[in-house]
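Student: File name my_file_27.txt; file contents compact mmCIF, C-alpha atoms and all ligand atoms; full text below.
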# COMPACT_ATOMS: atom_id res chain seq x y z
CA MET S 297 10.55 -6.98 20.05
CA PRO S 298 12.09 -4.79 17.33
CA GLU S 299 15.26 -2.96 18.30
CA GLY S 300 15.70 0.78 17.98
CA ASP S 301 17.40 0.45 14.60
CA THR S 302 14.34 -1.29 13.13
CA ILE S 303 11.97 1.45 14.28
CA PHE S 304 14.40 4.08 13.02
CA ARG S 305 14.38 2.53 9.55
CA THR S 306 10.58 2.27 9.60
CA ALA S 307 10.37 5.96 10.56
CA ARG S 308 12.74 6.88 7.75
CA THR S 309 10.72 4.93 5.18
CA LEU S 310 7.42 6.33 6.42
CA GLY S 311 8.89 9.83 6.48
CA ARG S 312 9.89 9.54 2.83
CA ALA S 313 6.37 8.52 1.86
CA LEU S 314 4.45 10.94 4.09
CA ALA S 315 6.51 13.95 5.20
CA GLY S 316 5.69 17.28 3.59
CA LYS S 317 2.55 15.87 1.98
CA LEU S 318 -1.10 16.61 2.48
CA VAL S 319 -3.13 13.87 4.16
CA THR S 320 -5.98 12.82 1.86
CA GLY S 321 -7.34 9.90 3.87
CA PHE S 322 -7.34 8.54 7.41
CA GLN S 323 -8.91 5.44 8.90
CA SER S 324 -8.46 3.48 12.09
CA THR S 325 -10.09 0.58 13.87
CA TYR S 326 -9.27 2.27 17.19
CA PRO S 327 -12.27 4.28 18.43
CA LYS S 328 -10.01 6.69 20.36
CA LEU S 329 -8.14 7.61 17.18
CA THR S 330 -11.30 8.01 15.10
CA ARG S 331 -12.78 10.23 17.83
CA CYS S 332 -9.64 12.42 17.75
CA ASN S 333 -9.97 12.52 13.99
CA ASP S 334 -13.65 13.53 14.25
CA ASP S 335 -12.69 16.43 16.55
CA THR S 336 -9.63 17.53 14.55
CA PRO S 337 -9.61 15.89 11.12
CA LEU S 338 -6.21 14.77 9.88
CA VAL S 339 -7.35 15.01 6.27
CA GLY S 340 -6.23 18.43 5.04
CA GLN S 341 -3.29 18.53 7.44
CA THR S 342 0.30 17.88 6.35
CA VAL S 343 2.59 15.28 7.87
CA GLU S 344 5.47 17.38 9.13
CA ARG S 345 7.89 14.58 9.99
CA VAL S 346 8.16 11.04 11.22
CA GLU S 347 10.65 10.12 13.93
CA SER S 348 11.58 7.20 16.15
CA ARG S 349 12.07 7.48 19.87
CA GLY S 350 13.46 4.19 21.06
CA LYS S 351 10.73 1.70 20.16
CA TRP S 352 8.09 4.36 19.53
CA LEU S 353 7.31 5.76 16.13
CA LEU S 354 5.95 9.32 16.06
CA ILE S 355 4.08 10.92 13.15
CA HIS S 356 3.81 14.69 13.60
CA PHE S 357 0.94 16.51 11.88
CA SER S 358 0.77 20.19 10.97
CA GLY S 359 -2.27 20.69 13.22
CA GLY S 360 -0.02 20.09 16.24
CA GLY S 361 -1.06 16.49 16.90
CA THR S 362 1.33 13.56 17.04
CA LEU S 363 0.33 9.96 16.41
CA ALA S 364 2.53 7.74 18.59
CA THR S 365 2.61 4.03 17.83
CA HIS S 366 4.48 1.22 19.54
CA MET S 367 4.97 -1.98 17.59
CA LEU S 368 5.54 -4.41 20.49
CA MET S 369 6.03 -7.85 18.90
CA SER S 370 3.39 -7.87 16.22
CA GLY S 371 3.01 -4.47 14.58
CA SER S 372 4.39 -3.20 11.30
CA TRP S 373 3.91 -0.28 8.91
CA HIS S 374 3.74 -0.89 5.17
CA ILE S 375 3.78 1.62 2.32
CA TYR S 376 1.73 0.91 -0.79
CA ARG S 377 0.89 2.69 -3.99
CA HIS S 378 -2.82 3.29 -4.47
CA GLY S 379 -4.46 0.12 -5.74
CA GLU S 380 -1.46 -2.05 -4.83
CA ARG S 381 -2.30 -5.35 -3.15
CA TRP S 382 -1.64 -5.40 0.64
CA GLN S 383 0.68 -8.06 1.99
CA GLN S 384 -1.46 -8.63 5.05
CA PRO S 385 -5.19 -9.29 5.37
CA ARG S 386 -7.46 -6.28 5.79
CA ALA S 387 -8.47 -7.67 9.21
CA ASN S 388 -4.95 -6.83 10.46
CA MET S 389 -5.30 -3.18 9.47
CA ARG S 390 -5.38 -0.78 12.44
CA ILE S 391 -4.43 2.59 10.92
CA VAL S 392 -4.35 3.94 7.35
CA ILE S 393 -2.83 7.29 6.36
CA GLU S 394 -3.14 8.28 2.70
CA ASN S 395 -1.73 11.00 0.51
CA ASN S 396 -1.84 11.51 -3.24
CA ASP S 397 1.05 9.11 -3.81
CA TYR S 398 0.95 6.51 -1.06
CA VAL S 399 -1.14 4.53 1.38
CA ALA S 400 0.62 3.85 4.70
CA VAL S 401 -0.95 0.96 6.57
CA GLY S 402 -0.25 0.09 10.20
CA PHE S 403 -0.92 -3.63 10.59
CA ARG S 404 -1.58 -5.07 14.06
CA VAL S 405 -0.06 -2.00 15.67
CA PRO S 406 -1.03 -2.74 19.27
CA VAL S 407 -0.46 0.69 20.81
CA ALA S 408 -1.57 3.90 19.11
CA GLU S 409 -2.17 7.23 20.84
CA MET S 410 -2.84 10.75 19.63
CA HIS S 411 -0.84 13.36 21.55
CA THR S 412 -0.50 17.09 21.78
CA ALA S 413 3.00 18.54 22.19
CA GLN S 414 2.22 18.92 25.90
CA SER S 415 0.93 15.39 26.50
CA LEU S 416 3.86 14.00 24.51
CA ALA S 417 6.40 15.88 26.63
CA ARG S 418 4.65 14.76 29.82
CA ASN S 419 4.34 11.12 28.75
CA ALA S 420 6.61 8.98 30.90
CA ARG S 421 6.65 6.01 28.51
CA ILE S 422 7.70 7.81 25.33
CA PRO S 423 11.38 8.78 25.60
CA GLY S 424 12.49 12.31 24.82
CA ALA S 425 14.78 12.87 21.82
CA ALA S 426 17.81 13.45 24.10
CA THR S 427 17.36 9.88 25.42
CA ASP S 428 17.30 8.21 22.00
CA VAL S 429 20.72 6.88 20.93
CA LEU S 430 19.83 7.47 17.27
CA SER S 431 18.67 11.05 17.71
CA GLY S 432 20.95 13.94 16.81
CA ALA S 433 19.82 15.38 20.16
CA PHE S 434 21.13 12.37 22.13
CA ASP S 435 23.03 13.48 25.25
CA ALA S 436 25.61 10.83 26.24
CA ALA S 437 26.65 12.59 29.45
CA GLU S 438 23.02 12.71 30.65
CA ALA S 439 22.62 9.04 29.71
CA ALA S 440 25.69 8.21 31.82
CA ARG S 441 24.18 10.07 34.78
CA ARG S 442 20.89 8.17 34.42
CA LEU S 443 22.74 4.87 34.06
CA VAL S 444 24.89 5.21 37.20
CA ALA S 445 21.75 6.01 39.22
CA HIS S 446 20.95 2.28 38.85
CA GLY S 447 23.98 1.19 40.90
CA ASP S 448 22.38 -1.94 42.41
CA GLU S 449 21.24 -3.36 39.08
CA GLU S 450 23.11 -5.50 36.58
CA ILE S 451 24.42 -3.52 33.63
CA ALA S 452 22.71 -5.57 30.89
CA ASP S 453 19.30 -4.99 32.52
CA VAL S 454 19.95 -1.26 32.78
CA LEU S 455 20.94 -1.11 29.10
CA LEU S 456 17.42 -2.35 28.28
CA ASP S 457 15.81 0.39 30.37
CA GLN S 458 14.38 2.70 27.72
CA LYS S 459 14.23 5.56 30.22
CA VAL S 460 18.00 5.41 30.68
CA MET S 461 18.79 5.13 26.97
CA ALA S 462 16.19 4.44 24.29
CA GLY S 463 16.91 2.13 21.37
CA VAL S 464 18.87 -0.75 22.90
CA GLY S 465 17.01 -4.04 22.52
CA ASN S 466 18.04 -7.52 23.59
CA VAL S 467 20.46 -8.21 20.72
CA PHE S 468 22.34 -4.92 21.08
CA LYS S 469 22.43 -5.43 24.87
CA SER S 470 24.69 -8.51 24.60
CA GLU S 471 26.65 -7.13 21.65
CA THR S 472 27.35 -3.82 23.39
CA CYS S 473 28.59 -5.51 26.57
CA PHE S 474 30.88 -7.77 24.52
CA VAL S 475 32.38 -5.01 22.40
CA ALA S 476 32.92 -2.85 25.51
CA GLY S 477 34.47 -5.84 27.34
CA VAL S 478 32.02 -5.55 30.23
CA ASN S 479 30.42 -8.54 31.96
CA PRO S 480 26.62 -8.24 31.53
CA PHE S 481 26.03 -9.41 35.12
CA CYS S 482 28.30 -6.76 36.63
CA ARG S 483 26.50 -4.33 38.93
CA VAL S 484 26.52 -0.78 37.65
CA SER S 485 28.15 0.44 40.88
CA ALA S 486 31.21 -1.73 40.09
CA LEU S 487 31.78 -0.11 36.67
CA SER S 488 34.37 2.62 36.18
CA GLY S 489 33.35 5.94 34.64
CA GLU S 490 35.38 4.94 31.61
CA GLN S 491 33.44 1.68 31.23
CA VAL S 492 30.12 3.53 31.49
CA ARG S 493 31.18 5.97 28.78
CA ALA S 494 32.49 3.10 26.63
CA LEU S 495 29.20 1.20 26.94
CA ILE S 496 27.13 4.19 25.89
CA ALA S 497 29.44 5.08 23.00
CA THR S 498 29.48 1.45 21.85
CA ALA S 499 25.69 1.11 21.93
CA GLN S 500 25.38 4.33 19.95
CA LYS S 501 27.99 3.24 17.40
CA LEU S 502 26.64 -0.30 16.89
CA ILE S 503 23.04 0.84 16.52
CA ALA S 504 23.94 3.78 14.24
CA ALA S 505 25.89 1.41 11.95
CA ASN S 506 22.70 -0.59 11.51
CA VAL S 507 20.63 2.28 10.18
CA LEU S 508 22.95 3.20 7.31
CA GLU S 509 21.22 3.15 3.95
CA ASP S 510 22.92 -0.08 2.85
CA SER S 511 22.71 -1.91 6.17
CA GLY S 512 19.81 -4.22 5.25
CA ASP S 513 17.33 -5.71 7.69
CA GLY S 514 19.47 -8.02 9.83
CA ILE S 515 21.59 -6.70 12.68
CA VAL S 516 25.31 -6.68 11.93
CA THR S 517 27.92 -6.03 14.61
CA TYR S 518 30.58 -8.47 13.39
CA ARG S 519 31.75 -8.45 9.80
CA GLY S 520 34.53 -11.05 9.97
CA ARG S 521 37.02 -10.94 7.14
CA LYS S 522 34.72 -9.89 4.37
CA ARG S 523 31.97 -7.33 4.48
CA ARG S 524 28.59 -8.98 4.37
CA THR S 525 26.18 -7.43 1.95
CA THR S 526 23.77 -10.31 1.43
CA HIS S 527 21.14 -11.65 3.76
CA GLU S 528 22.57 -14.34 6.02
CA SER S 529 20.42 -17.42 6.61
CA ASP S 530 21.84 -17.54 10.15
CA PRO S 531 21.45 -14.08 11.71
CA SER S 532 24.05 -14.84 14.41
CA ALA S 533 26.72 -15.16 11.67
CA SER S 534 26.99 -11.37 11.71
CA LEU S 535 27.02 -10.97 15.51
CA TRP S 536 29.78 -11.23 18.14
CA VAL S 537 27.97 -13.29 20.79
CA TYR S 538 24.17 -13.12 20.47
CA GLY S 539 22.68 -16.49 19.49
CA ARG S 540 26.13 -18.15 19.61
CA ARG S 541 25.95 -20.27 22.79
CA GLY S 542 28.73 -22.87 22.87
CA GLU S 543 30.37 -21.50 19.74
CA PRO S 544 33.92 -20.17 20.01
CA CYS S 545 34.32 -16.51 20.98
CA ARG S 546 35.44 -14.55 17.92
CA ARG S 547 38.23 -12.95 19.95
CA CYS S 548 39.56 -15.69 22.26
CA GLY S 549 37.98 -19.01 21.21
CA GLU S 550 36.36 -19.69 24.61
CA PRO S 551 32.78 -21.04 24.25
CA VAL S 552 30.18 -18.28 24.33
CA ARG S 553 27.86 -18.54 27.35
CA ARG S 554 24.12 -17.97 27.58
CA ARG S 555 21.91 -17.26 30.57
CA LEU S 556 18.49 -15.77 31.33
CA GLN S 557 18.81 -12.45 33.12
CA GLY S 558 16.73 -9.97 35.03
CA PRO S 559 13.10 -9.79 36.14
CA ASP S 560 11.88 -10.48 32.60
CA ALA S 561 14.29 -13.42 32.10
CA ARG S 562 15.72 -11.99 28.87
CA VAL S 563 18.43 -14.09 27.24
CA THR S 564 22.01 -12.83 27.56
CA PHE S 565 25.12 -14.04 25.71
CA TRP S 566 28.71 -13.27 26.71
CA CYS S 567 32.31 -14.53 26.83
CA GLN S 568 33.53 -15.01 30.38
CA ARG S 569 37.18 -14.60 29.37
CA CYS S 570 36.77 -11.40 27.32
CA GLN S 571 34.20 -10.00 29.76
CA PRO S 572 35.48 -10.84 33.25
CA MET S 573 33.74 -9.71 36.42
CA PRO S 574 35.71 -6.89 38.14
CA ASP S 575 36.31 -9.15 41.19
CA GLY S 576 37.34 -12.09 39.01
CA SER S 577 34.31 -14.21 39.99
CA ASP S 578 32.84 -16.65 37.49
CA VAL S 579 29.31 -16.39 36.08
CA ASP S 580 27.83 -19.74 35.07
CA GLY S 581 26.31 -20.03 31.63
ZN ZN L 601 36.34 -14.26 24.37
Give the structure from this file in structure tokens form.

Tutor:
Amino acid sequence: MPEGDTIFRTARTLGRALAGKLVTGFQSTYPKLTRCNDDTPLVGQTVERVESRGKWLLIHFSGGGTLATHMLMSGSWHIYRHGERWQQPRANMRIVIENNDYVAVGFRVPVAEMHTAQSLARNARIPGAATDVLSGAFDAAEAARRLVAHGDEEIADVLLDQKVMAGVGNVFKSETCFVAGVNPFCRVSALSGEQVRALIATAQKLIAANVLEDSGDGIVTYRGRKRRTTHESDPSASLWVYGRRGEPCRRCGEPVRRRLQGPDARVTFWCQRCQPMPDGSDVDG
């Protein structure tokens, strides 16, 4: 599952290739999309902008329609010049949007829906801009209010809830809890207001740092002594705890713990010493 920073970078790249340009070609293997296109052709419209909302990628067209795609595990968007060889087989193609300069191809994009402004605003699965940690419209105080409404749940699970705050995936979940010094298994009701604010600010900061122009593809939350600019063969080398079970905590040296958490049994990494439970109880890794 791509994290919010990945979708943000995809949206930025697609936006550079498509935004402000006239659509000269559209194809899809999804009958619903081709029917929408038959009713209101996209060719002749302009792509106004491309944005990410959590794990959704939205392409806004000048005719008022918005193509919303969700990548899940398998999907990706590629940009090609006309005539350039595709890096995936044609059979994986689901959506093609062309302009005079580029061909944008959505490969194995499993979820694709055409929306009006109204249906987009009403859609419960696509987060609003104020919910997205990477949006300029993100409202941290509102996010805190939504978060504390989940008092009975464990904080790491609530961080993954895209309706509370969109953009935090499983890697940032563990990293955010570590940097904020909060135990991922702590119930939300046991957190102080200060901890809630720190968690939200940390998630926002860590994810934003990963969408800078020079940030590369891997997630970096820990830079160690020297700034890493090259691709690491071991992705966990640039993280505080994620993927580092049994390795020494970068702050205290205690072995990092790992445990499956929540209804979806997502993997969680943490340091019991740096992230104690408020009541001092131990959480087995
Ligand atoms: Zn530690």

Student: Go through S:Pro480, S:Pro574, S:Pro551, S:Gly360 one by one, measure the shortest atom-to-atom distance of each to Asp453 in chain S using all atoms listed in the file, and give the residue with the smallest value.

Tutor: S:Pro480

Student: At a cut-off of 7 Å and counting only C-alpha atoms and all ligand atoms, what residues surround ligand ZN 601 (chain L)? Please answer as a PyMOL selection string.

Tutor: chain S and resi 545-550+567-570

Student: Give me the residues near Thr302 in chain S as an mmCIF file with C-alpha atoms, keeping the file's coordinate frame, where near means some atom within 9 Å (using all atoms listed in the file) and where sequence neighbours in that chain fewer than 2 positions away do not count.

Tutor:
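That gives us result.cif:
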data_model
loop_
_atom_site.group_PDB
_atom_site.id
_atom_site.type_symbol
_atom_site.label_atom_id
_atom_site.label_comp_id
_atom_site.auth_asym_id
_atom_site.auth_seq_id
_atom_site.Cartn_x
_atom_site.Cartn_y
_atom_site.Cartn_z
ATOM 1 C CA PRO S 298 12.090 -4.790 17.330
ATOM 2 C CA GLU S 299 15.260 -2.960 18.300
ATOM 3 C CA GLY S 300 15.700 0.780 17.980
ATOM 4 C CA PHE S 304 14.400 4.080 13.020
ATOM 5 C CA ARG S 305 14.380 2.530 9.550
ATOM 6 C CA THR S 306 10.580 2.270 9.600
ATOM 7 C CA ALA S 307 10.370 5.960 10.560
ATOM 8 C CA LYS S 351 10.730 1.700 20.160
ATOM 9 C CA ASN S 506 22.700 -0.590 11.510
ATOM 10 C CA VAL S 507 20.630 2.280 10.180
ATOM 11 C CA ASP S 513 17.330 -5.710 7.690
#

Student: Just give me the gap between CA of Tyr376 in chain S and CA of Ala504 in chain S in Å, one decimal is fine.

Tutor: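 If I compute the distance from CA of Tyr376 in chain S to CA of Ala504 in chain S, I get 27.0 Å.
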
Student: From the options S:Asp457, S:Asp578, S:Glu543, S:Glu344, which residue's atoms come nearest to Gly316 in chain S, counting all atoms listed in the file?

Tutor: S:Glu344

Student: Given the point (1.4, 13.5, -3.2) in the coordinates of this file, which residues lie within 12 Å, counting all atoms listed in the file, and how would they look as a PyMOL selection string?

Tutor: chain S and resi 312-321+342-343+377-378+394-399

Student: Please report the interatomic distance between CA of Ser470 in chain S and CA of Arg308 in chain S in Å with one decimal.

Tutor: 25.8 Å

Student: Using all atoms listed in the file, can you tell me which of S:His356, S:Arg493, S:Lys501, S:His411 comes closest to Arg442 in chain S?

Tutor: S:Arg493

Student: Select, from S:Gln491, S:Ser532, S:Ser348, S:Gln571, the residue with the minimum atom-to-atom distance to Ser431 in chain S, counting only C-alpha atoms.

Tutor: S:Ser348

Student: So how far away is CA of Leu368 in chain S from CA of Val478 in chain S, in Å?

Tutor: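 Distance between the two atoms: 28.2 Å.
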
Student: Would you pick out the contacts of Val464 in chain S at 9 Å or less, using all atoms listed in the file, so that residues sharing its chain but fewer than 3 positions from it are not included, and give the list as a list in words?

Tutor: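 These residues fall inside the cut-off: Glu299, Gly300, Asp301, Gly350, Lys351, Val429, Leu455, Leu456, Asp457, Gln458, Met461, Val467, Phe468, Lys469, Ala499, Gln500 and Ile503 of chain S.
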